[in-house]
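Visitor: input_2.csv is the file, holding CSV, C-alpha atoms:
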chain,number,residue,atom,x,y,z
A,1,MET,CA,3.6,46.5,-1.6
A,2,ARG,CA,1.7,47.0,1.7
A,3,PRO,CA,0.1,43.9,3.2
A,4,ARG,CA,-3.6,43.7,3.2
A,5,PRO,CA,-5.1,44.8,6.6
A,6,PRO,CA,-6.4,41.9,8.7
A,7,THR,CA,-10.1,43.0,8.4
A,8,MET,CA,-9.8,42.8,4.6
A,9,ARG,CA,-8.3,39.2,4.6
A,10,GLY,CA,-10.4,36.1,4.1
A,11,LYS,CA,-11.2,34.2,7.2
A,12,ARG,CA,-9.5,30.8,7.6
A,13,ARG,CA,-9.9,27.7,9.6
A,14,TYR,CA,-7.2,25.3,10.7
A,15,ILE,CA,-7.7,21.5,11.1
A,16,LEU,CA,-5.4,19.4,13.2
A,17,ALA,CA,-5.1,15.8,11.8
A,18,ARG,CA,-3.3,12.7,13.0
A,19,LEU,CA,-1.5,10.7,10.4
A,20,ASP,CA,-1.4,6.9,10.6
A,21,PRO,CA,0.5,4.7,10.6
A,22,PRO,CA,3.3,6.5,12.6
A,23,SER,CA,5.9,4.4,10.8
A,24,VAL,CA,5.4,6.2,7.6
A,25,ALA,CA,7.4,9.4,7.1
A,26,PHE,CA,4.9,11.9,5.5
A,27,ASN,CA,6.0,14.6,3.2
A,28,GLY,CA,3.9,17.8,3.3
A,29,ARG,CA,3.8,18.1,-0.5
A,30,ASP,CA,2.7,14.4,-1.0
A,31,LEU,CA,0.0,14.9,1.6
A,32,TYR,CA,-1.3,18.0,-0.1
A,33,TYR,CA,-1.6,16.2,-3.4
A,34,ALA,CA,-3.5,13.3,-1.7
A,35,ILE,CA,-5.9,15.8,0.0
A,36,ALA,CA,-6.3,17.8,-3.2
A,37,GLU,CA,-7.1,14.7,-5.2
A,38,SER,CA,-9.6,13.6,-2.5
A,39,LEU,CA,-11.4,17.0,-2.3
A,40,THR,CA,-11.4,17.4,-6.1
A,41,SER,CA,-13.0,14.0,-6.6
A,42,LEU,CA,-15.6,14.8,-3.9
A,43,TYR,CA,-16.5,18.4,-4.7
A,44,GLY,CA,-15.1,19.1,-8.1
A,45,ASP,CA,-12.9,22.0,-9.2
A,46,SER,CA,-15.2,24.7,-8.1
A,47,GLY,CA,-15.5,23.2,-4.6
A,48,MET,CA,-11.7,22.9,-4.5
A,49,ALA,CA,-11.3,26.6,-5.5
A,50,PHE,CA,-13.7,27.6,-2.7
A,51,ILE,CA,-12.0,25.4,-0.1
A,52,GLN,CA,-8.4,26.6,-0.9
A,53,PRO,CA,-6.8,23.8,1.2
A,54,SER,CA,-3.1,23.9,2.1
A,55,VAL,CA,-0.9,21.9,4.4
A,56,VAL,CA,0.8,24.4,6.7
A,57,SER,CA,2.6,21.9,8.9
A,58,CYS,CA,3.4,18.2,8.7
A,59,ALA,CA,5.7,16.7,11.3
A,60,GLU,CA,5.8,14.0,13.9
A,61,GLY,CA,2.7,12.2,12.8
A,62,TYR,CA,0.4,15.3,12.8
A,63,ALA,CA,-0.5,17.8,10.2
A,64,ILE,CA,-2.3,21.2,10.2
A,65,ILE,CA,-4.4,21.9,7.2
A,66,ARG,CA,-5.7,25.4,6.4
A,67,CYS,CA,-9.0,26.1,4.5
A,68,THR,CA,-11.5,28.9,4.1
A,69,ARG,CA,-14.0,29.5,6.8
A,70,SER,CA,-17.3,27.5,6.4
A,71,SER,CA,-15.5,24.8,4.3
A,72,GLU,CA,-14.1,22.9,7.3
A,73,GLY,CA,-16.8,20.3,7.2
A,74,ARG,CA,-16.0,19.5,3.6
A,75,VAL,CA,-12.3,19.3,4.4
A,76,VAL,CA,-13.0,16.8,7.3
A,77,ALA,CA,-14.9,14.6,4.8
A,78,GLY,CA,-12.1,15.0,2.3
A,79,LEU,CA,-9.5,14.0,4.9
A,80,ALA,CA,-11.6,11.0,5.9
A,81,ALA,CA,-11.6,9.9,2.2
A,82,VAL,CA,-7.8,9.9,1.9
A,83,HIS,CA,-6.7,6.3,2.0
A,84,GLN,CA,-3.4,6.5,0.1
A,85,VAL,CA,-0.4,8.8,-0.1
A,86,GLN,CA,2.1,7.9,-2.8
A,87,GLU,CA,0.5,4.4,-3.0
A,88,VAL,CA,1.1,3.8,0.7
A,89,SER,CA,-2.0,3.0,2.7
A,90,VAL,CA,-2.6,5.7,5.3
A,91,ALA,CA,-5.3,7.2,7.4
A,92,VAL,CA,-5.7,11.0,8.0
A,93,ARG,CA,-7.9,11.5,11.0
A,94,SER,CA,-9.1,15.0,11.8
A,95,ILE,CA,-8.9,15.7,15.5
A,96,ARG,CA,-9.8,19.4,16.0
A,97,THR,CA,-10.8,22.5,14.1
A,98,SER,CA,-9.7,26.0,15.2
A,99,GLY,CA,-9.5,29.5,14.0
A,100,THR,CA,-5.9,29.9,14.9
A,101,MET,CA,-2.8,27.7,14.6
A,102,ARG,CA,-1.7,28.7,18.0
A,103,SER,CA,-4.5,26.9,19.8
A,104,LEU,CA,-3.9,23.8,17.7
A,105,ARG,CA,-0.2,23.9,18.6
A,106,ARG,CA,-1.2,24.3,22.2
A,107,HIS,CA,-3.5,21.3,21.9
A,108,LEU,CA,-0.7,19.3,20.1
A,109,ALA,CA,1.7,20.0,22.9
A,110,GLY,CA,-0.6,18.3,25.4
A,111,MET,CA,-0.8,15.1,23.3
A,112,ARG,CA,1.3,12.1,24.0
A,113,SER,CA,4.3,11.2,21.9
A,114,ARG,CA,3.8,8.7,19.1
A,115,ALA,CA,7.4,7.8,18.7
A,116,PRO,CA,8.3,4.0,18.8
A,117,CYS,CA,9.4,2.8,22.2
A,118,GLY,CA,11.3,-0.3,21.1
A,119,GLU,CA,12.1,-2.8,18.4
A,120,HIS,CA,12.7,-6.5,18.5
A,121,ASP,CA,12.5,-9.7,16.5
A,122,ALA,CA,9.3,-11.6,16.7
A,123,TYR,CA,7.9,-14.9,15.4
A,124,PHE,CA,4.3,-14.8,14.4
A,125,GLN,CA,2.2,-17.2,12.2
A,126,GLY,CA,5.4,-19.3,11.5
A,127,ARG,CA,7.3,-16.4,10.1
A,128,SER,CA,10.0,-14.0,11.3
A,129,TRP,CA,9.1,-10.3,11.7
A,130,THR,CA,10.5,-7.1,13.0
A,131,ALA,CA,8.2,-5.9,15.7
A,132,VAL,CA,8.1,-2.1,16.4
A,133,GLN,CA,6.5,-1.2,19.7
A,134,TYR,CA,4.4,1.9,20.3
A,135,PRO,CA,2.9,3.3,23.5
A,136,GLY,CA,-0.3,1.6,24.6
A,137,ALA,CA,1.1,-1.9,24.0
A,138,LYS,CA,0.7,-1.6,20.2
A,139,VAL,CA,3.0,-3.6,18.0
A,140,ASP,CA,3.5,-3.2,14.2
A,141,LEU,CA,5.0,-6.2,12.5
A,142,PHE,CA,7.2,-5.9,9.4
A,143,GLU,CA,8.1,-9.1,7.7
A,144,LYS,CA,11.8,-9.6,7.3
A,145,GLY,CA,13.2,-9.5,3.8
A,146,PHE,CA,10.3,-7.7,2.1
A,147,LYS,CA,10.5,-4.1,1.1
A,148,ASN,CA,7.5,-1.7,1.0
A,149,GLN,CA,5.1,-4.2,2.4
A,150,GLN,CA,2.1,-3.5,4.5
A,151,PRO,CA,2.7,-4.1,8.2
A,152,LEU,CA,0.5,-6.2,10.5
A,153,PHE,CA,-1.1,-4.2,13.4
A,154,LEU,CA,-1.2,-6.2,16.6
A,155,THR,CA,-0.9,-5.7,20.3
A,156,GLU,CA,1.6,-7.3,22.8
A,157,GLU,CA,-1.1,-9.7,23.9
A,158,ASP,CA,-1.4,-11.0,20.4
A,159,LEU,CA,2.3,-11.8,20.3
A,160,GLU,CA,2.3,-13.5,23.7
A,161,GLU,CA,-0.4,-16.0,22.6
B,1,MET,CA,-23.3,0.6,23.0
B,2,ARG,CA,-23.9,4.2,22.0
B,3,CYS,CA,-21.4,4.4,19.3
B,4,THR,CA,-20.8,1.2,17.3
B,5,ASP,CA,-18.9,0.4,14.1
B,6,ALA,CA,-21.2,-2.3,12.6
B,7,CYS,CA,-18.7,-4.2,10.6
B,8,VAL,CA,-14.9,-4.6,10.7
B,9,TYR,CA,-12.8,-7.5,9.4
B,10,PRO,CA,-9.9,-8.3,11.8
B,11,PHE,CA,-7.0,-10.7,11.1
B,12,PRO,CA,-6.9,-13.1,9.2
B,13,LEU,CA,-9.5,-11.4,7.0
B,14,GLY,CA,-7.6,-8.1,7.4
B,15,ASP,CA,-4.2,-7.0,8.6
B,16,SER,CA,-5.1,-5.9,12.2
B,17,SER,CA,-5.9,-8.1,15.2
B,18,VAL,CA,-9.2,-7.8,16.8
B,19,ARG,CA,-7.6,-6.4,20.0
B,20,ARG,CA,-5.7,-3.7,18.0
B,21,MET,CA,-9.0,-2.8,16.2
B,22,ALA,CA,-10.8,-2.6,19.6
B,23,GLN,CA,-8.0,-0.4,21.0
B,24,GLU,CA,-8.1,1.8,17.9
B,25,ALA,CA,-11.9,2.0,18.1
B,26,GLY,CA,-11.6,3.2,21.7
B,27,GLU,CA,-9.0,5.9,20.7
B,28,LEU,CA,-11.3,7.1,17.9
B,29,GLY,CA,-14.2,7.5,20.3
B,30,LEU,CA,-16.2,4.3,19.5
B,31,ASP,CA,-17.4,2.1,22.4
B,32,SER,CA,-18.1,-1.1,20.5
B,33,ILE,CA,-17.4,-2.9,17.2
B,34,VAL,CA,-18.9,-5.8,15.4
B,35,ALA,CA,-15.9,-8.0,14.3
B,36,VAL,CA,-16.6,-10.6,11.6
B,37,GLY,CA,-15.2,-14.0,12.6
B,38,ALA,CA,-14.3,-12.9,16.1
B,39,ARG,CA,-15.7,-13.9,19.5
B,40,GLY,CA,-17.4,-11.5,21.7
B,41,CYS,CA,-15.3,-9.9,24.4
B,42,ILE,CA,-14.4,-6.6,26.1
B,43,PHE,CA,-11.0,-5.2,25.4
B,44,ARG,CA,-9.8,-2.0,27.1
B,45,GLY,CA,-13.3,-0.9,27.7
B,46,VAL,CA,-14.4,-1.5,24.1
B,47,GLU,CA,-17.1,-4.2,23.5
B,48,VAL,CA,-16.4,-6.6,20.7
B,49,VAL,CA,-19.4,-8.3,19.3
B,50,GLY,CA,-18.9,-11.3,17.0
B,51,GLY,CA,-20.5,-11.2,13.6
B,52,THR,CA,-21.0,-13.4,10.5
B,53,VAL,CA,-21.5,-12.2,6.9
B,54,ILE,CA,-23.4,-14.5,4.6
B,55,GLN,CA,-23.3,-14.1,0.9
B,56,GLY,CA,-25.6,-16.1,-1.4
B,57,ARG,CA,-26.9,-15.6,-4.9
B,58,ASP,CA,-30.4,-16.9,-3.9
B,59,GLN,CA,-32.5,-17.9,-1.0
B,60,GLY,CA,-31.4,-21.5,-1.0
B,61,GLU,CA,-27.7,-20.6,-0.7
B,62,VAL,CA,-28.3,-18.3,2.2
B,63,GLN,CA,-30.4,-20.9,4.0
B,64,ALA,CA,-27.7,-23.5,3.5
B,65,ALA,CA,-25.1,-21.1,4.9
B,66,LEU,CA,-27.4,-20.4,7.9
B,67,ARG,CA,-27.7,-24.1,8.5
B,68,ARG,CA,-23.9,-24.5,8.4
B,69,MET,CA,-23.3,-21.7,10.9
B,70,GLY,CA,-21.9,-22.6,14.4
B,71,LYS,CA,-23.8,-22.2,17.6
B,72,ASP,CA,-22.7,-18.7,18.3
B,73,PRO,CA,-22.5,-16.8,15.0
B,74,GLY,CA,-23.0,-13.4,16.7
B,75,VAL,CA,-24.8,-10.8,14.6
B,76,VAL,CA,-25.8,-12.4,11.4
B,77,MET,CA,-25.5,-10.1,8.3
B,78,ALA,CA,-26.4,-11.0,4.8
B,79,THR,CA,-25.3,-9.4,1.6
B,80,ALA,CA,-28.2,-7.9,-0.3
B,81,GLY,CA,-29.0,-8.9,-3.9
B,82,ASP,CA,-32.0,-8.5,-6.2
B,83,TYR,CA,-35.5,-7.8,-5.0
B,84,ALA,CA,-36.6,-11.4,-4.5
B,85,LEU,CA,-33.5,-12.2,-2.4
B,86,ASN,CA,-33.8,-9.1,-0.3
B,87,ARG,CA,-37.5,-9.9,0.4
B,88,ALA,CA,-36.5,-13.5,1.4
B,89,LEU,CA,-33.7,-12.2,3.6
B,90,LEU,CA,-36.1,-10.0,5.5
B,91,HIS,CA,-38.3,-13.0,6.1
B,92,MET,CA,-35.5,-15.1,7.6
B,93,GLY,CA,-35.6,-14.6,11.3
B,94,ARG,CA,-31.8,-15.0,11.9
B,95,VAL,CA,-30.6,-12.3,9.4
B,96,ARG,CA,-30.4,-9.1,11.5
B,97,ILE,CA,-28.6,-6.8,9.0
B,98,LEU,CA,-28.7,-6.3,5.3
B,99,ARG,CA,-25.4,-5.2,3.8
B,100,GLY,CA,-24.1,-4.1,0.5
B,101,ILE,CA,-27.3,-2.4,-0.8
B,102,HIS,CA,-25.2,0.1,-2.8
B,103,ALA,CA,-24.1,-2.7,-5.1
B,104,THR,CA,-27.6,-4.0,-5.9
B,105,PRO,CA,-30.0,-3.0,-8.7
B,106,GLY,CA,-31.8,0.3,-8.2
B,107,ASN,CA,-35.2,-1.3,-7.6
B,108,SER,CA,-34.0,-4.0,-5.2
B,109,PHE,CA,-35.1,-2.1,-2.0
B,110,ASP,CA,-38.3,-0.2,-2.3
B,111,HIS,CA,-40.9,1.2,0.0
B,112,ILE,CA,-42.5,-2.2,0.5
B,113,LEU,CA,-39.2,-3.8,1.7
B,114,ALA,CA,-38.5,-0.7,3.8
B,115,ARG,CA,-41.8,-1.2,5.6
B,116,MET,CA,-41.1,-4.9,6.0
B,117,ALA,CA,-37.6,-4.1,7.4
B,118,ALA,CA,-39.1,-1.7,9.9
B,119,GLU,CA,-41.7,-4.2,11.0
B,120,ARG,CA,-39.2,-7.1,11.4
B,121,GLN,CA,-36.5,-4.8,12.9
B,122,VAL,CA,-33.9,-5.8,10.4
B,123,ALA,CA,-31.3,-3.1,10.0
B,124,VAL,CA,-29.8,-1.8,6.7
B,125,ASP,CA,-26.1,-1.2,6.8
B,126,LEU,CA,-24.4,1.8,5.3
B,127,ASP,CA,-20.8,0.8,4.4
B,128,ILE,CA,-18.6,3.9,4.5
B,129,SER,CA,-15.6,2.1,2.9
B,130,VAL,CA,-17.3,2.4,-0.5
B,131,LEU,CA,-17.2,6.2,-0.2
B,132,VAL,CA,-13.5,6.1,0.8
B,133,SER,CA,-12.0,3.6,-1.6
B,134,GLY,CA,-14.5,4.0,-4.5
B,135,ARG,CA,-14.0,6.6,-7.2
B,136,ASP,CA,-16.1,8.1,-10.0
B,137,TYR,CA,-19.1,6.1,-11.0
B,138,THR,CA,-18.8,3.6,-8.1
B,139,ARG,CA,-18.9,6.3,-5.5
B,140,GLN,CA,-21.6,8.4,-7.2
B,141,ARG,CA,-23.8,5.3,-7.4
B,142,ALA,CA,-23.2,4.5,-3.7
B,143,LEU,CA,-24.1,8.1,-2.8
B,144,GLN,CA,-27.3,7.9,-4.8
B,145,ARG,CA,-28.3,4.6,-3.2
B,146,TYR,CA,-27.5,5.8,0.3
B,147,ALA,CA,-29.4,9.1,-0.2
B,148,ASP,CA,-32.4,7.0,-1.4
B,149,LEU,CA,-32.1,4.7,1.7
B,150,VAL,CA,-32.0,7.8,4.0
B,151,ARG,CA,-35.2,9.1,2.4
B,152,LEU,CA,-36.9,5.7,2.9
B,153,GLN,CA,-35.6,5.5,6.4
B,154,SER,CA,-37.0,8.9,7.4
B,155,ARG,CA,-40.4,7.7,6.0
B,156,PHE,CA,-40.6,4.2,7.4
B,157,GLY,CA,-38.2,4.3,10.3
B,158,PHE,CA,-36.3,1.0,9.8
B,159,LEU,CA,-33.0,0.6,11.6
B,160,LEU,CA,-29.8,1.9,10.0
B,161,THR,CA,-26.3,0.9,11.0
B,162,LEU,CA,-23.0,2.5,10.1
B,163,SER,CA,-19.9,0.5,9.4
B,164,SER,CA,-16.4,1.3,8.3
B,165,GLY,CA,-16.0,-2.1,6.6
B,166,ALA,CA,-12.4,-1.8,7.7
B,167,ARG,CA,-9.9,-4.6,7.0
B,168,SER,CA,-7.2,-2.6,8.8
B,169,ILE,CA,-7.0,0.0,11.6
B,170,LEU,CA,-6.2,2.5,8.8
B,171,GLY,CA,-9.7,2.0,7.4
B,172,MET,CA,-11.5,2.6,10.7
B,173,LYS,CA,-13.3,6.0,11.1
B,174,SER,CA,-14.0,8.2,14.1
B,175,PRO,CA,-17.6,9.4,14.7
B,176,ARG,CA,-16.4,12.9,13.5
B,177,ASP,CA,-15.3,11.4,10.2
B,178,MET,CA,-18.5,9.4,9.9
B,179,VAL,CA,-20.6,12.5,10.4
B,180,ALA,CA,-18.6,14.3,7.7
B,181,LEU,CA,-18.9,11.4,5.2
B,182,CYS,CA,-22.5,10.8,6.0
B,183,GLY,CA,-23.2,14.4,5.2
B,184,LEU,CA,-22.3,13.6,1.6
B,185,PHE,CA,-25.6,11.8,1.2
B,186,GLY,CA,-27.8,13.8,3.5
B,187,LEU,CA,-27.6,12.0,6.8
B,188,ASP,CA,-27.3,14.7,9.4
B,189,GLU,CA,-25.6,14.5,12.8
B,190,ASP,CA,-28.7,13.4,14.8
B,191,ASP,CA,-29.4,10.6,12.2
B,192,VAL,CA,-25.8,9.5,12.4
B,193,GLU,CA,-26.1,9.2,16.2
B,194,GLY,CA,-29.3,7.2,15.7
B,195,ALA,CA,-27.5,4.9,13.2
B,196,PHE,CA,-24.6,4.4,15.8
B,197,LEU,CA,-27.3,3.0,18.1
B,198,GLY,CA,-28.6,0.6,15.4
B,199,ILE,CA,-26.5,-2.4,16.6
B,200,ALA,CA,-27.8,-2.0,20.2
B,201,LYS,CA,-31.3,-2.1,18.9
B,202,VAL,CA,-30.6,-5.1,16.7
B,203,LEU,CA,-29.2,-7.0,19.6
B,204,ARG,CA,-32.1,-6.0,21.9
B,205,PRO,CA,-35.1,-5.7,19.6
B,206,GLU,CA,-38.2,-4.0,20.9
B,207,LYS,CA,-40.9,-6.5,21.9
B,208,SER,CA,-44.6,-5.9,21.3
B,209,VAL,CA,-45.3,-6.5,24.9
B,210,GLU,CA,-42.8,-5.8,27.6
B,211,VAL,CA,-43.3,-6.4,31.4
B,212,VAL,CA,-41.9,-3.5,33.4
B,213,GLU,CA,-41.5,-4.4,37.1
The structure in this file should be written as structure tokens.
Guide:
Amino acid sequence: MRPRPPTMRGKRRYILARLDPPSVAFNGRDLYYAIAESLTSLYGDSGMAFIQPSVVSCAEGYAIIRCTRSSEGRVVAGLAAVHQVQEVSVAVRSIRTSGTMRSLRRHLAGMRSRAPCGEHDAYFQGRSWTAVQYPGAKVDLFEKGFKNQQPLFLTEEDLEE
Amino acid sequence: MRCTDACVYPFPLGDSSVRRMAQEAGELGLDSIVAVGARGCIFRGVEVVGGTVIQGRDQGEVQAALRRMGKDPGVVMATAGDYALNRALLHMGRVRILRGIHATPGNSFDHILARMAAERQVAVDLDISVLVSGRDYTRQRALQRYADLVRLQSRFGFLLTLSSGARSILGMKSPRDMVALCGLFGLDEDDVEGAFLGIAKVLRPEKSVEVVE
């Protein structure tokens, strides 16, 4: 079967989104289900059919979401309304919208890394925690001995006090 | 203060420290936040304004809470209730923002109270967290009430403020997200910019006579 010529294809828009917190390993499929649920609850099945969202890339704390042209505003609202993925609290923050994935990847290449830059033990509020440091003097605290718990989000100044 | 999140709840009310929330706000493109229970400061270029939220079932409870407040409560916000309570709140000089209108009965804020709010320069807060965490009927009702408030605001010109109501940095929203979410109930981009200025106007209300040197 011959591919449809470019002029006959539907126009798309691509949205670059930042996924928080960086400590959560996001799966593209789970992220898609969360976005689809959010968009369906906001705009219904007909809106979802018009938007045609898909997660085309999901790695290193960023995702690229594809949608039909003129529906990008709805997708940004839908992304802002996502607050859980697989029952883990998250934030999906749209950063930029573009007509090509290439320009988003170029933009992404210029952004700073979000990888943790260290880990150490910390004592906060009378309890022991594992402190994961991130660029910008950010520290996420995970209480020792508890699985699947929500971290505390602090800065290095908070730990020094 | 051109772009302010009008209400966040830092640690211990939430899971993020006020400094981390201020830092996150700066990264999201906000220049100030109102933090409940925090003291005013500037952290990494983001202004933190202290705030207090009062919740009372009637006028007496609210006045008792106002009397108990410390010397520097920051921006005083009160949770709205029925019509009589909202009317009383608008008459109290210290209450600067009405919050939680989405959860009140449909007739609790009408054109008379809208005019009163405009005259007394009391702002009405639109809490975006209801649109994010709410589902089905809760969210539909909040959208209806917010759309009604936007209609009243365009007619009477009272102040609006926008808040994420975040208890975590994960709940904070960028101006871009706020514009998209406010579009759900008919607040356009210019109106959202105006609402971001709401806190600045609440902190520096217009005087009837002002001496310009």
Visitor: Taking all atoms listed in the file into account, report as a tab-separated table (two decimals) with C-alpha atoms, in the coordinates of the input which residues of chain B lie within 10 Å of chain A.
Guide:
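Saved to iface.tsv:
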chain	number	residue	atom	x	y	z
B	10	PRO	CA	-9.90	-8.30	11.80
B	11	PHE	CA	-7.00	-10.70	11.10
B	14	GLY	CA	-7.60	-8.10	7.40
B	15	ASP	CA	-4.20	-7.00	8.60
B	16	SER	CA	-5.10	-5.90	12.20
B	17	SER	CA	-5.90	-8.10	15.20
B	18	VAL	CA	-9.20	-7.80	16.80
B	19	ARG	CA	-7.60	-6.40	20.00
B	20	ARG	CA	-5.70	-3.70	18.00
B	21	MET	CA	-9.00	-2.80	16.20
B	23	GLN	CA	-8.00	-0.40	21.00
B	24	GLU	CA	-8.10	1.80	17.90
B	28	LEU	CA	-11.30	7.10	17.90
B	128	ILE	CA	-18.60	3.90	4.50
B	129	SER	CA	-15.60	2.10	2.90
B	130	VAL	CA	-17.30	2.40	-0.50
B	131	LEU	CA	-17.20	6.20	-0.20
B	132	VAL	CA	-13.50	6.10	0.80
B	133	SER	CA	-12.00	3.60	-1.60
B	134	GLY	CA	-14.50	4.00	-4.50
B	135	ARG	CA	-14.00	6.60	-7.20
B	136	ASP	CA	-16.10	8.10	-10.00
B	139	ARG	CA	-18.90	6.30	-5.50
B	140	GLN	CA	-21.60	8.40	-7.20
B	168	SER	CA	-7.20	-2.60	8.80
B	169	ILE	CA	-7.00	0.00	11.60
B	170	LEU	CA	-6.20	2.50	8.80
B	171	GLY	CA	-9.70	2.00	7.40
B	172	MET	CA	-11.50	2.60	10.70
B	173	LYS	CA	-13.30	6.00	11.10
B	174	SER	CA	-14.00	8.20	14.10
B	176	ARG	CA	-16.40	12.90	13.50
B	177	ASP	CA	-15.30	11.40	10.20
B	178	MET	CA	-18.50	9.40	9.90
B	179	VAL	CA	-20.60	12.50	10.40
B	180	ALA	CA	-18.60	14.30	7.70
B	181	LEU	CA	-18.90	11.40	5.20
B	182	CYS	CA	-22.50	10.80	6.00
B	183	GLY	CA	-23.20	14.40	5.20
B	184	LEU	CA	-22.30	13.60	1.60
Visitor: Using only C-alpha atoms, which protein or nucleic acid residues come within 12 Å of Gln133 in chain A? Drop anything in the same chain fewer than 6 positions from it, and give the result as a count of residues only.
Guide: 20
Visitor: Place a sphere of radius 10 Å on (-13.4, -11.1, 21.0) in the file coordinates and name every protein, DNA or RNA residue with an atom inside or on its surface, counting only C-alpha atoms; give the answer as a PDB file with C-alpha atoms, in the coordinates of the input.
Guide:
ATOM      1  CA  SER B  17      -5.900  -8.100  15.200  1.00  0.00           C
ATOM      2  CA  VAL B  18      -9.200  -7.800  16.800  1.00  0.00           C
ATOM      3  CA  ARG B  19      -7.600  -6.400  20.000  1.00  0.00           C
ATOM      4  CA  ALA B  22     -10.800  -2.600  19.600  1.00  0.00           C
ATOM      5  CA  ILE B  33     -17.400  -2.900  17.200  1.00  0.00           C
ATOM      6  CA  VAL B  34     -18.900  -5.800  15.400  1.00  0.00           C
ATOM      7  CA  ALA B  35     -15.900  -8.000  14.300  1.00  0.00           C
ATOM      8  CA  VAL B  36     -16.600 -10.600  11.600  1.00  0.00           C
ATOM      9  CA  GLY B  37     -15.200 -14.000  12.600  1.00  0.00           C
ATOM     10  CA  ALA B  38     -14.300 -12.900  16.100  1.00  0.00           C
ATOM     11  CA  ARG B  39     -15.700 -13.900  19.500  1.00  0.00           C
ATOM     12  CA  GLY B  40     -17.400 -11.500  21.700  1.00  0.00           C
ATOM     13  CA  CYS B  41     -15.300  -9.900  24.400  1.00  0.00           C
ATOM     14  CA  ILE B  42     -14.400  -6.600  26.100  1.00  0.00           C
ATOM     15  CA  PHE B  43     -11.000  -5.200  25.400  1.00  0.00           C
ATOM     16  CA  GLU B  47     -17.100  -4.200  23.500  1.00  0.00           C
ATOM     17  CA  VAL B  48     -16.400  -6.600  20.700  1.00  0.00           C
ATOM     18  CA  VAL B  49     -19.400  -8.300  19.300  1.00  0.00           C
ATOM     19  CA  GLY B  50     -18.900 -11.300  17.000  1.00  0.00           C
TER      20      GLY B  50
END
Visitor: Could you name the residues that touch Leu152 in chain B at 10 Å or less, counting all atoms listed in the file, but leaving out those on the same chain fewer than 3 positions away, as a list of chain:residue names?
Guide: B:Phe109, B:Asp110, B:His111, B:Ile112, B:Leu113, B:Ala114, B:Arg115, B:Tyr146, B:Ala147, B:Asp148, B:Leu149, B:Arg155, B:Phe156, B:Gly157, B:Phe158
Visitor: List as a CSV table (one decimal) with C-alpha atoms, in the frame of the given file the protein and nucleic acid residues near Ala200 in chain B, meaning an atom at most 10 Å away when all atoms listed in the file are counted, but skip any in the same chain fewer than 6 places from it.
Guide:
chain,number,residue,atom,x,y,z
B,1,MET,CA,-23.3,0.6,23.0
B,2,ARG,CA,-23.9,4.2,22.0
B,3,CYS,CA,-21.4,4.4,19.3
B,4,THR,CA,-20.8,1.2,17.3
B,32,SER,CA,-18.1,-1.1,20.5
B,161,THR,CA,-26.3,0.9,11.0
Visitor: Quick one: distance from CA of Val75 in chain B to CA of Arg94 in chain B in Å, one decimal?
Guide: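 Taking CA of Val75 in chain B as the start and CA of Arg94 in chain B as the end point, the length is 8.6 Å.
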Visitor: Rebuild range 53-60 of chain A so that it carries N, CA, C and O atoms, then output the result as a CSV table (one decimal), in the coordinates of the input.
Guide:
chain,number,residue,atom,x,y,z
A,53,PRO,N,-7.5,24.5,0.1
A,53,PRO,CA,-6.8,23.8,1.2
A,53,PRO,C,-5.3,24.0,1.0
A,53,PRO,O,-4.7,24.2,-0.1
A,54,SER,N,-4.6,24.0,2.2
A,54,SER,CA,-3.1,23.9,2.1
A,54,SER,C,-2.6,23.3,3.4
A,54,SER,O,-3.2,23.4,4.4
A,55,VAL,N,-1.5,22.5,3.2
A,55,VAL,CA,-0.9,21.9,4.4
A,55,VAL,C,0.1,22.8,5.0
A,55,VAL,O,1.2,23.1,4.3
A,56,VAL,N,-0.1,23.4,6.1
A,56,VAL,CA,0.8,24.4,6.7
A,56,VAL,C,1.8,23.8,7.6
A,56,VAL,O,2.9,24.4,7.9
A,57,SER,N,1.6,22.6,8.1
A,57,SER,CA,2.6,21.9,8.9
A,57,SER,C,2.4,20.4,8.8
A,57,SER,O,1.2,20.0,8.7
A,58,CYS,N,3.5,19.7,8.8
A,58,CYS,CA,3.4,18.2,8.7
A,58,CYS,C,4.6,17.7,9.4
A,58,CYS,O,5.7,17.7,8.8
A,59,ALA,N,4.5,17.2,10.6
A,59,ALA,CA,5.7,16.7,11.3
A,59,ALA,C,5.2,15.9,12.5
A,59,ALA,O,4.1,16.1,13.1
A,60,GLU,N,6.0,14.9,12.8
A,60,GLU,CA,5.8,14.0,13.9
A,60,GLU,C,4.5,13.3,14.0
A,60,GLU,O,3.8,13.2,15.0
